[in-house]
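Colleague: Mind looking over this structure? Questions follow.
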Amino acid sequence: MSKIFTAVLVAVLLLLPLAVHDTYFLHVMIVMAINVIMAVSMWLLGITGLISFGQAGFMFIGAMTTALLTKNAGWPFWVAMPLSATVAGLVSAPVGRLSLRVKGVYFFLVTLAFGQVVSGIFAYFQDPFGGWYGIRDIPPPQPVSLFTTLNKVPFYYLALGLLLITCLVIYRVSRSWFGNVLWSIRESDLLASSVGIDVPGSKLIAFIISAFFAGLAGSLYATYFGYISPLVFTFEYSVNVLVYIVVGGFGSFAGPILGAVVLTVVPELFRVTGKYQNLFFGLVLIVSMLTMPNGLIGAWHRLVRKA
Amino acid sequence: MPIARRTLLAGTALGLATPFVARAAEKELNIGVSIPLTGPGAATGITTQRTLEHGAEVINAQGLAVGDDVYKLKMTFYDNKYVPAEAVTIVEKMLADGTRFLVSLGSGNSVPVVAKTTAVKCLQMSYASGKTHLTAPEFPLSFRVAPTNETAWAVYPWLRKTFPDVHKIGHMNPSDEAGFTESEDRRMIAEKNGFTNIANEFFKRGAADFYPVATRLASANPDLIDFGGSIGRDQALGCKALRELGYKGMIMLGYSDVKSFVEVATPEAAEGTLLFDTLVDPQNDAQKELQTWWLAKYGPPFPTFAYSVWDTPFILANGIRKAKSVDPEAIANAMHGMTWTGLYGPEAFGMKSVYGIDSTITRAIPMAQVKGGKPVQIAMVAWPADV
Amino acid sequence: MNGTLIAQIVTSGLVTGLIYMLIALGVTLLFGIMRVVNFVHGELVMLSAFAVYFLGSEAGLPFFLALPGAILISAAIAVFCQYALFRPLQYEILNCFIVGIGASFAIRSASWAIFGPEPIAIPATFPGVLKIGGVFIAKQRLFAAALCIALAVLLYLFLHYTKPGKAMRAVEQDREAALLMGISVERVYLSAFVISAILAAVGGAMLGSLFGVDPEMGAEPLLKSFIIVQIGGMGSIAGTVIAGLFIGLSDSITGTLLGGELAFIIDFAILMLILIVRPRGLFGYDV
């Protein structure tokens, strides 16, 4: 059943630009794709029982790598992109190793600190990181004639492609034997290690995978927006991503996706109300936390059960 | 997990449908205004909104005729929260709606979008520091409608004449786009006018404790500290900290809501501060009218930044009439080097000698000083003829 | 680099550190006793500052009346949050964290709308500057420092020498055991919220008089509080005090010598270091 739904959904997404030409709409879809990639990658950490506020930091690293490679070194985006994700993954290894030595709330804070340190370093050094100015005029992917400022469609497909790859990988991982290991770690560290699971090692792998995809999202952001700065990859953004997962629902893969979709759209709806945007966002959060602690998916389950 | 999948589909359908709802179709002359309505700079943003609204009202009442058609200006205001990514999204939305005129406040918001607006042939009018990132021959549709770092071209020669004892200049700027531009320009212009720059400090915008920065500046002991691109609370706290740390030299700043500045810095600390590009008392009827209108509608205090904003829709209307068209490119061509009589008297788009294109506003720069806790007008500096 | 400059840096740093310490004490209390990361704490600081401003400058009350007024308001809001937001979620860490963020966004946004963006300031109760041996200290800063020290001492005495205080420490150490001993955990939780609200209110009043009042003012103190609490150790008053002073000094030194932006990075780098080397902080209980 679910396979059919997924196939239909993917088909719709693939054919969308043929029916819809509104560039603002495509723009929102691309932003949504970035948010979903971030949400899904963070979710993988979540099923391990870890919440990291450093995701924006890894995203920034990915974005910065792409920016420097494509703009300064002139490398093609298609090379820079996997490299950026890899760099984010590589950096995450020692960071993860150190951060994972602490648990629970303390882990939150180390990752938060990490995110701030990354931002701070990139902000402080104008050369080559652009400082608070940031870096602008980041080249789009080759062929440049295709990825122009005016035509969003190729960017849409790029984003969609990366999104599908990310979802496929993360979904597979979560369903695999390794995924079960992660779930079991979330249930109980102690129990998991007592049956011989390498708990620290598994956590680290989840951390690295998560950082890898955050870096990928960052790379996409850099090439699409053409402009990155410390004002983009903030603690607030990491929190946003966390909120996507919580509002959408933790328990299943669809949760972070739904959360990211809904919470990308809601602020756009309220965009014209200007100063009240954050107010509504905050209220949406409060209401969903109080009435739907298992997220939208959980609420749906409850609804369906009642019927 | 069929249930979850269905939810996913529903959610995506929701996501797909909503942008259609979020837009509205308009037939007037649409102008998008990207300003900070929350966060730092919100004060300026709100002033901008109110002033532009009224300006559009006046123009619409007069009627903007192009050939046989009469256009009404319709301004839509967006909160960019002073975050570049928001500014970009706002422009995307605007352009998709068919809007081809942008008014943008803040260089952090104006610079990232100028490449796009140029490519799409959207006319962009910015209140921002920007130099060649915003004002250059490659951006023929980008106009700067408030002199920012440029004011220094007029102010420093005036300083030289009016305060002959001032030789050493210190600079204090926020560590961002605007701040770096201001710092660079002001130091260069100061040197050109025979001053020595002995200190150049940056602070994180929105910081609370200015003692560290102020300590460094005070120990360099310049004769005058130029606050450059600093705005809002940063100015007041910087001034307060400097005075508390014993700094006795002069302080100069602009872009200020003077009442708030004096209140937060404390009147003792604020005393004697030079205010560049600050109009205190209406010098002519047009200015008086604006002030009267504001006080009647919103009550005191009257933010003098409104003076800087007022002309914008009129400049655009002027350009439209001169070009006899509502096509942004035609208007832009008409506006290069255009002269007109605005709120400050004779004004023009100029500065070709500096930027290679005359798309930056040039006008008289009013100077004021804080005396007895209130701003007092002390000069109207004419724009130097050679710039 | 002369002696006066060093003295100035140290003095400035200690004084700012004390104010952040006060706010952090509110955070550590809730953190330690209920494992609740109260994101709304920053907004309590901000709302209290506005309260003092309006009660003082607008309604004309002297500071020593405006402050208690603000304290009442702060406590009311804190208790409201406790019963409306945190208790329904059973004080579960992550959920409380998120709902706290939501509330913080909402409150901040509403404040922008209501109070407007023009920065205002609480007039100093003790205006003027003292000059001691080449070092400048604003009198208001000394007043703030004194108030913070006084409150910290009071808090310490409360926790160690009064019955409700000891009950609080008992719950912090072992909730089940405290319940078994007949301590009303609910009452302790309530007191914790109220006390943290008081600390936030005073902190807000002090910050407002030194740095002005605006809707964003709560964000930075909150972040700094988290750092301080972690370095000092959850639930430890002494730890928070020392960490608060340390952070204040560190900010002052790095800010003056290296520039303001670096100071923030260094704060966080220190945090990471501490968490890695000694996760429980200087004086915290073992995790």
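All residue names refer to the structure tokens as shown: chains lettered A, B, ... in order, residues numbered from 1 in each chain, ligands numbered from 1 in order.
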Output as a ChimeraX atom specification the set of chain B residues within 10 Å of chain C, with distances taken over only C-alpha atoms.

Modeller: /B:37-46,175,201-217,219,232-234,236-238,240-241,243-246,257,259-266,268

Colleague: Those residues you just picked out, can you put them in a file as a compact mmCIF listing (two decimals), in the first residue's frame with N, CA and C atoms?

Modeller:
# COMPACT_ATOMS: atom_id res chain seq x y z
N LEU B 37 10.86 44.66 10.35
CA LEU B 37 9.77 45.09 11.22
C LEU B 37 9.89 44.48 12.60
N THR B 38 10.80 43.51 12.72
CA THR B 38 11.12 42.96 14.03
C THR B 38 12.63 42.84 14.10
N GLY B 39 13.13 42.68 15.27
CA GLY B 39 14.57 42.55 15.41
C GLY B 39 15.27 43.90 15.33
N PRO B 40 16.61 43.87 15.24
CA PRO B 40 17.34 45.14 15.21
C PRO B 40 16.94 45.94 13.98
N GLY B 41 16.86 47.23 14.13
CA GLY B 41 16.48 48.05 12.99
C GLY B 41 14.98 48.18 12.81
N ALA B 42 14.22 47.56 13.70
CA ALA B 42 12.77 47.61 13.53
C ALA B 42 12.22 49.02 13.65
N ALA B 43 12.87 49.81 14.49
CA ALA B 43 12.40 51.19 14.65
C ALA B 43 12.44 51.91 13.31
N THR B 44 13.59 51.77 12.63
CA THR B 44 13.73 52.40 11.33
C THR B 44 12.74 51.81 10.35
N GLY B 45 12.54 50.51 10.45
CA GLY B 45 11.62 49.84 9.54
C GLY B 45 10.21 50.37 9.66
N ILE B 46 9.76 50.51 10.88
CA ILE B 46 8.39 50.98 11.10
C ILE B 46 8.22 52.41 10.64
N SER B 175 30.08 44.89 13.17
CA SER B 175 30.90 44.00 12.35
C SER B 175 30.03 43.31 11.30
N GLU B 201 37.40 50.22 15.42
CA GLU B 201 36.86 49.10 16.18
C GLU B 201 35.54 48.62 15.64
N PHE B 202 35.31 47.32 15.79
CA PHE B 202 34.03 46.74 15.39
C PHE B 202 33.39 46.04 16.58
N PHE B 203 32.09 46.08 16.62
CA PHE B 203 31.38 45.37 17.68
C PHE B 203 30.30 44.51 17.05
N LYS B 204 29.87 43.52 17.78
CA LYS B 204 28.81 42.64 17.28
C LYS B 204 27.49 43.38 17.46
N ARG B 205 26.77 43.53 16.36
CA ARG B 205 25.52 44.28 16.41
C ARG B 205 24.59 43.68 17.45
N GLY B 206 24.01 44.53 18.27
CA GLY B 206 23.09 44.03 19.28
C GLY B 206 23.76 43.65 20.58
N ALA B 207 25.08 43.83 20.67
CA ALA B 207 25.77 43.48 21.92
C ALA B 207 25.27 44.39 23.03
N ALA B 208 25.31 43.90 24.23
CA ALA B 208 24.83 44.70 25.36
C ALA B 208 25.96 45.46 26.03
N ASP B 209 27.08 44.79 26.25
CA ASP B 209 28.13 45.41 27.04
C ASP B 209 29.17 46.04 26.12
N PHE B 210 29.21 47.37 26.10
CA PHE B 210 30.15 48.05 25.23
C PHE B 210 31.47 48.41 25.90
N TYR B 211 31.62 48.01 27.15
CA TYR B 211 32.86 48.34 27.85
C TYR B 211 34.12 47.86 27.13
N PRO B 212 34.13 46.61 26.65
CA PRO B 212 35.35 46.19 25.95
C PRO B 212 35.72 47.10 24.78
N VAL B 213 34.77 47.33 23.88
CA VAL B 213 35.07 48.17 22.72
C VAL B 213 35.41 49.59 23.16
N ALA B 214 34.63 50.11 24.11
CA ALA B 214 34.83 51.47 24.56
C ALA B 214 36.18 51.63 25.25
N THR B 215 36.58 50.59 25.99
CA THR B 215 37.89 50.67 26.66
C THR B 215 39.00 50.82 25.63
N ARG B 216 38.90 50.03 24.57
CA ARG B 216 39.93 50.11 23.54
C ARG B 216 39.94 51.49 22.91
N LEU B 217 38.75 52.01 22.58
CA LEU B 217 38.68 53.32 21.93
C LEU B 217 39.18 54.42 22.87
N SER B 219 41.22 54.25 25.27
CA SER B 219 42.66 54.25 25.53
C SER B 219 43.44 54.77 24.32
N GLY B 232 20.64 52.56 16.30
CA GLY B 232 19.81 52.11 17.41
C GLY B 232 20.50 52.10 18.76
N ARG B 233 20.21 51.06 19.48
CA ARG B 233 20.68 50.96 20.85
C ARG B 233 22.20 50.94 20.93
N ASP B 234 22.84 50.37 19.89
CA ASP B 234 24.30 50.29 19.89
C ASP B 234 24.93 51.66 20.06
N ALA B 236 23.68 54.34 21.52
CA ALA B 236 23.48 54.86 22.86
C ALA B 236 24.40 54.16 23.86
N LEU B 237 24.46 52.85 23.75
CA LEU B 237 25.29 52.12 24.71
C LEU B 237 26.77 52.42 24.50
N GLY B 238 27.15 52.57 23.23
CA GLY B 238 28.54 52.90 22.94
C GLY B 238 28.91 54.25 23.54
N LYS B 240 27.40 55.85 25.99
CA LYS B 240 27.34 55.78 27.45
C LYS B 240 28.61 55.16 28.00
N ALA B 241 29.01 54.04 27.41
CA ALA B 241 30.21 53.35 27.89
C ALA B 241 31.44 54.24 27.77
N ARG B 243 31.67 57.50 27.75
CA ARG B 243 31.67 58.57 28.74
C ARG B 243 31.96 58.03 30.13
N GLU B 244 31.39 56.86 30.44
CA GLU B 244 31.63 56.31 31.77
C GLU B 244 33.09 55.96 31.97
N LEU B 245 33.75 55.64 30.85
CA LEU B 245 35.16 55.27 30.95
C LEU B 245 36.07 56.48 30.84
N GLY B 246 35.46 57.66 30.87
CA GLY B 246 36.27 58.87 30.96
C GLY B 246 36.65 59.50 29.64
N ASP B 257 17.60 57.93 16.18
CA ASP B 257 16.37 58.41 16.81
C ASP B 257 16.84 59.14 18.05
N LYS B 259 15.79 61.07 20.41
CA LYS B 259 15.19 61.01 21.75
C LYS B 259 15.60 59.73 22.45
N SER B 260 15.48 58.61 21.73
CA SER B 260 15.84 57.33 22.32
C SER B 260 17.33 57.30 22.64
N PHE B 261 18.14 57.86 21.74
CA PHE B 261 19.57 57.89 21.97
C PHE B 261 19.88 58.61 23.27
N VAL B 262 19.30 59.79 23.43
CA VAL B 262 19.58 60.58 24.63
C VAL B 262 19.11 59.85 25.88
N GLU B 263 17.96 59.20 25.76
CA GLU B 263 17.41 58.53 26.95
C GLU B 263 18.27 57.36 27.38
N VAL B 264 18.65 56.52 26.41
CA VAL B 264 19.39 55.31 26.79
C VAL B 264 20.84 55.63 27.14
N ALA B 265 21.43 56.63 26.45
CA ALA B 265 22.82 56.95 26.74
C ALA B 265 22.93 57.77 28.02
N THR B 266 21.86 58.36 28.41
CA THR B 266 21.72 59.36 29.49
C THR B 266 22.12 60.72 28.94
N GLU B 268 23.61 63.22 30.11
CA GLU B 268 24.97 63.71 30.40
C GLU B 268 25.95 63.16 29.38

Colleague: Tell me, which residues of stretch 80-276 of chain B carry DSSP alpha helix (DSSP H), written as an MDAnalysis selection string?

Modeller: chainID B and resid 84:96 107:120 151:162 177:192 211:220 232:244 258:265 267:270

Colleague: Could you write those residues out with C-alpha atoms, as a PDB file, in the first residue's frame?

Modeller:
ATOM      1  CA  PRO B  84      19.530  38.067   4.344  1.00  0.00           C
ATOM      2  CA  ALA B  85      17.770  34.772   3.626  1.00  0.00           C
ATOM      3  CA  GLU B  86      14.426  36.356   4.428  1.00  0.00           C
ATOM      4  CA  ALA B  87      15.227  39.263   2.158  1.00  0.00           C
ATOM      5  CA  VAL B  88      15.967  36.849  -0.671  1.00  0.00           C
ATOM      6  CA  THR B  89      12.738  34.928  -0.130  1.00  0.00           C
ATOM      7  CA  ILE B  90      10.784  38.170  -0.054  1.00  0.00           C
ATOM      8  CA  VAL B  91      12.222  39.188  -3.386  1.00  0.00           C
ATOM      9  CA  GLU B  92      11.424  35.771  -4.839  1.00  0.00           C
ATOM     10  CA  LYS B  93       7.855  36.134  -3.719  1.00  0.00           C
ATOM     11  CA  MET B  94       7.571  39.657  -5.056  1.00  0.00           C
ATOM     12  CA  LEU B  95       9.029  38.803  -8.408  1.00  0.00           C
ATOM     13  CA  ALA B  96       6.755  35.816  -8.767  1.00  0.00           C
ATOM     14  CA  SER B 107      22.586  46.648   3.229  1.00  0.00           C
ATOM     15  CA  GLY B 108      22.426  43.145   4.642  1.00  0.00           C
ATOM     16  CA  ASN B 109      19.085  42.885   2.885  1.00  0.00           C
ATOM     17  CA  SER B 110      19.759  44.944  -0.192  1.00  0.00           C
ATOM     18  CA  VAL B 111      23.082  43.565  -1.336  1.00  0.00           C
ATOM     19  CA  PRO B 112      22.161  39.870  -1.617  1.00  0.00           C
ATOM     20  CA  VAL B 113      19.217  40.615  -3.885  1.00  0.00           C
ATOM     21  CA  VAL B 114      20.627  43.205  -6.237  1.00  0.00           C
ATOM     22  CA  ALA B 115      22.041  40.657  -8.688  1.00  0.00           C
ATOM     23  CA  LYS B 116      18.621  39.094  -8.923  1.00  0.00           C
ATOM     24  CA  THR B 117      16.707  42.336  -9.316  1.00  0.00           C
ATOM     25  CA  THR B 118      19.094  43.435 -12.022  1.00  0.00           C
ATOM     26  CA  ALA B 119      18.704  40.160 -13.884  1.00  0.00           C
ATOM     27  CA  VAL B 120      14.927  40.312 -13.689  1.00  0.00           C
ATOM     28  CA  THR B 151      27.564  61.627   3.895  1.00  0.00           C
ATOM     29  CA  ALA B 152      31.189  61.551   4.918  1.00  0.00           C
ATOM     30  CA  TRP B 153      32.117  63.230   1.626  1.00  0.00           C
ATOM     31  CA  ALA B 154      30.220  66.294   2.774  1.00  0.00           C
ATOM     32  CA  VAL B 155      30.738  66.010   6.503  1.00  0.00           C
ATOM     33  CA  TYR B 156      34.492  65.617   6.789  1.00  0.00           C
ATOM     34  CA  PRO B 157      35.376  68.784   4.866  1.00  0.00           C
ATOM     35  CA  TRP B 158      32.883  70.595   7.075  1.00  0.00           C
ATOM     36  CA  LEU B 159      34.483  69.081  10.191  1.00  0.00           C
ATOM     37  CA  ARG B 160      37.872  70.286   9.044  1.00  0.00           C
ATOM     38  CA  LYS B 161      36.604  73.848   8.820  1.00  0.00           C
ATOM     39  CA  THR B 162      34.346  73.891  11.874  1.00  0.00           C
ATOM     40  CA  GLU B 177      28.139  44.525   5.752  1.00  0.00           C
ATOM     41  CA  ALA B 178      27.127  48.072   6.564  1.00  0.00           C
ATOM     42  CA  GLY B 179      29.724  48.488   9.233  1.00  0.00           C
ATOM     43  CA  PHE B 180      32.635  47.397   7.121  1.00  0.00           C
ATOM     44  CA  THR B 181      31.574  49.616   4.235  1.00  0.00           C
ATOM     45  CA  GLU B 182      31.150  52.625   6.478  1.00  0.00           C
ATOM     46  CA  SER B 183      34.463  52.045   8.191  1.00  0.00           C
ATOM     47  CA  GLU B 184      36.368  51.709   4.933  1.00  0.00           C
ATOM     48  CA  ASP B 185      34.800  54.756   3.327  1.00  0.00           C
ATOM     49  CA  ARG B 186      34.979  57.000   6.342  1.00  0.00           C
ATOM     50  CA  ARG B 187      38.615  56.230   7.001  1.00  0.00           C
ATOM     51  CA  MET B 188      39.480  56.919   3.400  1.00  0.00           C
ATOM     52  CA  ILE B 189      37.531  60.159   3.307  1.00  0.00           C
ATOM     53  CA  ALA B 190      38.927  61.274   6.664  1.00  0.00           C
ATOM     54  CA  GLU B 191      42.450  60.805   5.410  1.00  0.00           C
ATOM     55  CA  LYS B 192      41.649  62.676   2.218  1.00  0.00           C
ATOM     56  CA  TYR B 211      32.861  48.343  27.849  1.00  0.00           C
ATOM     57  CA  PRO B 212      35.353  46.187  25.950  1.00  0.00           C
ATOM     58  CA  VAL B 213      35.067  48.175  22.717  1.00  0.00           C
ATOM     59  CA  ALA B 214      34.828  51.473  24.562  1.00  0.00           C
ATOM     60  CA  THR B 215      37.892  50.672  26.659  1.00  0.00           C
ATOM     61  CA  ARG B 216      39.931  50.113  23.536  1.00  0.00           C
ATOM     62  CA  LEU B 217      38.682  53.320  21.933  1.00  0.00           C
ATOM     63  CA  ALA B 218      39.105  55.389  25.054  1.00  0.00           C
ATOM     64  CA  SER B 219      42.656  54.251  25.526  1.00  0.00           C
ATOM     65  CA  ALA B 220      43.531  55.309  21.975  1.00  0.00           C
ATOM     66  CA  GLY B 232      19.809  52.112  17.414  1.00  0.00           C
ATOM     67  CA  ARG B 233      20.681  50.956  20.847  1.00  0.00           C
ATOM     68  CA  ASP B 234      24.301  50.286  19.895  1.00  0.00           C
ATOM     69  CA  GLN B 235      24.909  54.016  19.484  1.00  0.00           C
ATOM     70  CA  ALA B 236      23.480  54.862  22.860  1.00  0.00           C
ATOM     71  CA  LEU B 237      25.291  52.122  24.707  1.00  0.00           C
ATOM     72  CA  GLY B 238      28.545  52.904  22.943  1.00  0.00           C
ATOM     73  CA  CYS B 239      28.282  56.559  23.863  1.00  0.00           C
ATOM     74  CA  LYS B 240      27.344  55.780  27.452  1.00  0.00           C
ATOM     75  CA  ALA B 241      30.208  53.350  27.893  1.00  0.00           C
ATOM     76  CA  LEU B 242      32.719  55.776  26.416  1.00  0.00           C
ATOM     77  CA  ARG B 243      31.666  58.573  28.740  1.00  0.00           C
ATOM     78  CA  GLU B 244      31.626  56.306  31.769  1.00  0.00           C
ATOM     79  CA  VAL B 258      17.682  61.202  18.926  1.00  0.00           C
ATOM     80  CA  LYS B 259      15.185  61.013  21.748  1.00  0.00           C
ATOM     81  CA  SER B 260      15.843  57.329  22.320  1.00  0.00           C
ATOM     82  CA  PHE B 261      19.571  57.890  21.966  1.00  0.00           C
ATOM     83  CA  VAL B 262      19.583  60.575  24.631  1.00  0.00           C
ATOM     84  CA  GLU B 263      17.407  58.531  26.946  1.00  0.00           C
ATOM     85  CA  VAL B 264      19.394  55.314  26.786  1.00  0.00           C
ATOM     86  CA  ALA B 265      22.821  56.946  26.744  1.00  0.00           C
ATOM     87  CA  PRO B 267      21.600  63.086  28.733  1.00  0.00           C
ATOM     88  CA  GLU B 268      24.967  63.713  30.399  1.00  0.00           C
ATOM     89  CA  ALA B 269      26.733  61.258  28.148  1.00  0.00           C
ATOM     90  CA  ALA B 270      24.899  62.370  25.032  1.00  0.00           C
TER      91      ALA B 270
END

Colleague: Of the residues B:Lys74, B:Lys81, B:Lys297, B:Lys352, which is the one nearest to chain A, using only C-alpha atoms?

Modeller: B:Lys81

Colleague: Taking only C-alpha atoms into account, produce a table as a Markdown table in which each residue of chain A with an atom at most 10 Å from an atom of chain C appears once, together with its shortest atom pair and the distance in Å to one decimal, ordered by chain and rising number.

Modeller:
| residue | atom | partner | partner_atom | distance |
| --- | --- | --- | --- | --- |
| A:Ile51 | CA | C:Leu94 | CA | 8.9 |
| A:Leu98 | CA | C:Ile276 | CA | 6.4 |
| A:Ser99 | CA | C:Ile276 | CA | 6.8 |
| A:Leu100 | CA | C:Ile276 | CA | 9.0 |
| A:Arg101 | CA | C:Ile276 | CA | 7.0 |
| A:Val102 | CA | C:Pro279 | CA | 6.5 |
| A:Lys103 | CA | C:Val287 | CA | 8.1 |
| A:Gly104 | CA | C:Val287 | CA | 9.3 |
| A:Val105 | CA | C:Ile93 | CA | 8.2 |
| A:Tyr106 | CA | C:Pro279 | CA | 7.2 |
| A:Phe107 | CA | C:Leu275 | CA | 8.5 |
| A:Leu109 | CA | C:Phe226 | CA | 8.0 |
| A:Val110 | CA | C:Met272 | CA | 5.5 |
| A:Thr111 | CA | C:Met272 | CA | 8.4 |
| A:Leu112 | CA | C:Phe268 | CA | 8.6 |
| A:Ala113 | CA | C:Phe268 | CA | 5.1 |
| A:Phe114 | CA | C:Met272 | CA | 7.3 |
| A:Gly115 | CA | C:Phe268 | CA | 9.2 |
| A:Gln116 | CA | C:Ile265 | CA | 6.8 |
| A:Val117 | CA | C:Ile265 | CA | 5.3 |
| A:Val118 | CA | C:Ile265 | CA | 8.5 |
| A:Ser119 | CA | C:Ile265 | CA | 8.4 |
| A:Gly120 | CA | C:Ile265 | CA | 5.3 |
| A:Ile121 | CA | C:Ile265 | CA | 7.3 |
| A:Ala123 | CA | C:Glu261 | CA | 8.1 |
| A:Tyr124 | CA | C:Glu261 | CA | 6.7 |
| A:Phe125 | CA | C:Leu262 | CA | 10.0 |
| A:Trp132 | CA | C:Glu261 | CA | 9.9 |
| A:Glu236 | CA | C:Ile101 | CA | 9.7 |
| A:Val239 | CA | C:Ile98 | CA | 8.4 |
| A:Asn240 | CA | C:Ile98 | CA | 9.8 |
| A:Leu242 | CA | C:Ile98 | CA | 8.5 |
| A:Val243 | CA | C:Ile98 | CA | 7.1 |
| A:Val246 | CA | C:Ile98 | CA | 8.3 |
| A:Val247 | CA | C:Ile98 | CA | 9.7 |
| A:Lys275 | CA | C:Ser109 | CA | 7.0 |
| A:Tyr276 | CA | C:Ser109 | CA | 6.5 |
| A:Gln277 | CA | C:Ser109 | CA | 8.0 |
| A:Asn278 | CA | C:Ser109 | CA | 5.9 |
| A:Leu279 | CA | C:Ala106 | CA | 4.2 |
| A:Phe280 | CA | C:Ala106 | CA | 7.0 |
| A:Phe281 | CA | C:Gly102 | CA | 7.2 |
| A:Gly282 | CA | C:Gly102 | CA | 3.9 |
| A:Leu283 | CA | C:Ala106 | CA | 6.1 |
| A:Val284 | CA | C:Gly102 | CA | 7.6 |
| A:Leu285 | CA | C:Gly102 | CA | 5.1 |
| A:Ile286 | CA | C:Val99 | CA | 5.1 |
| A:Val287 | CA | C:Val99 | CA | 8.5 |
| A:Ser288 | CA | C:Val99 | CA | 8.7 |
| A:Met289 | CA | C:Val99 | CA | 6.1 |
| A:Leu290 | CA | C:Leu89 | CA | 7.0 |
| A:Thr291 | CA | C:Pro88 | CA | 9.7 |
| A:Pro293 | CA | C:Asn95 | CA | 7.7 |

Colleague: Mind pulling up the distance from atom CA of B:Ala364 to atom CA of B:Asn193?

Modeller: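 Atom CA of B:Ala364 lies 18.8 Å from atom CA of B:Asn193.
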
Colleague: Interatomic distance between atom CA of A:Thr23 and atom CA of A:Phe212?

Modeller: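 Between atom CA of A:Thr23 and atom CA of A:Phe212 the gap is 29.2 Å.
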
Colleague: Would you pick out the contacts of C:Ala201 at 6 Å or less, using only C-alpha atoms, so that residues sharing its chain but fewer than 3 positions from it are not included, and give the list as a list in words?

Modeller: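 Once the nearby chain positions are removed, what remains is Val45, Ser48, Ile71, Ile198 and Gly204 of chain C.
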
Colleague: Please extract the residues of stretch 157-296 of chain B with a backbone DSSP assignment of strand (DSSP E) and present them as a PyMOL selection string.

Modeller: chain B and resi 168-174+196-203+224-226+250-253+274-276

Colleague: So what do you get for atom CA of A:Leu50 versus atom CA of A:Ser84, distance-wise?

Modeller: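 Straight-line distance from atom CA of A:Leu50 to atom CA of A:Ser84 works out to 23.6 Å.
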
Colleague: So, with only C-alpha atoms as the atoms that count, which of C:Ile114, C:Ala145, C:Ala205, C:Ala200 lies closest to C:Glu43?

Modeller: C:Ala200

Colleague: Could you tell me which of A:Leu13, A:Leu26, A:Ala19, A:Val79 comes closest to A:Asn151 if we count only C-alpha atoms?

Modeller: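 Nearest candidate to A:Asn151 out of A:Leu13, A:Leu26, A:Ala19, A:Val79: A:Leu26.
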
Colleague: So which residues touch stretch 51-61 of chain C within 6 Å, counting only C-alpha atoms, skipping near sequence neighbours fewer than 5 positions away, as a VMD selection string?

Modeller: chain C and resid 66 to 67 70 122

Colleague: Hey, which of A:Ala80, A:Leu160, A:Val153, A:Ile135 ends up closest to chain B? Count only C-alpha atoms.

Modeller: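 So, comparing all the options, the nearest one is A:Ile135.
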
Colleague: Compare C:Leu65, C:Gln140, C:Val153, C:Gly203 by their minimum atom-to-atom distance to C:Leu222, counting only C-alpha atoms, and give me the closest one.

Modeller: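 Nearest to C:Leu222: C:Gly203.
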
Colleague: Under the rule that only C-alpha atoms are counted, which of B:Gly170, B:Gly299, B:Gly228, B:Gly32 is the nearest residue to chain A?

Modeller: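 Going through B:Gly170, B:Gly299, B:Gly228, B:Gly32 one by one, the smallest distance to chain A is for B:Gly32.
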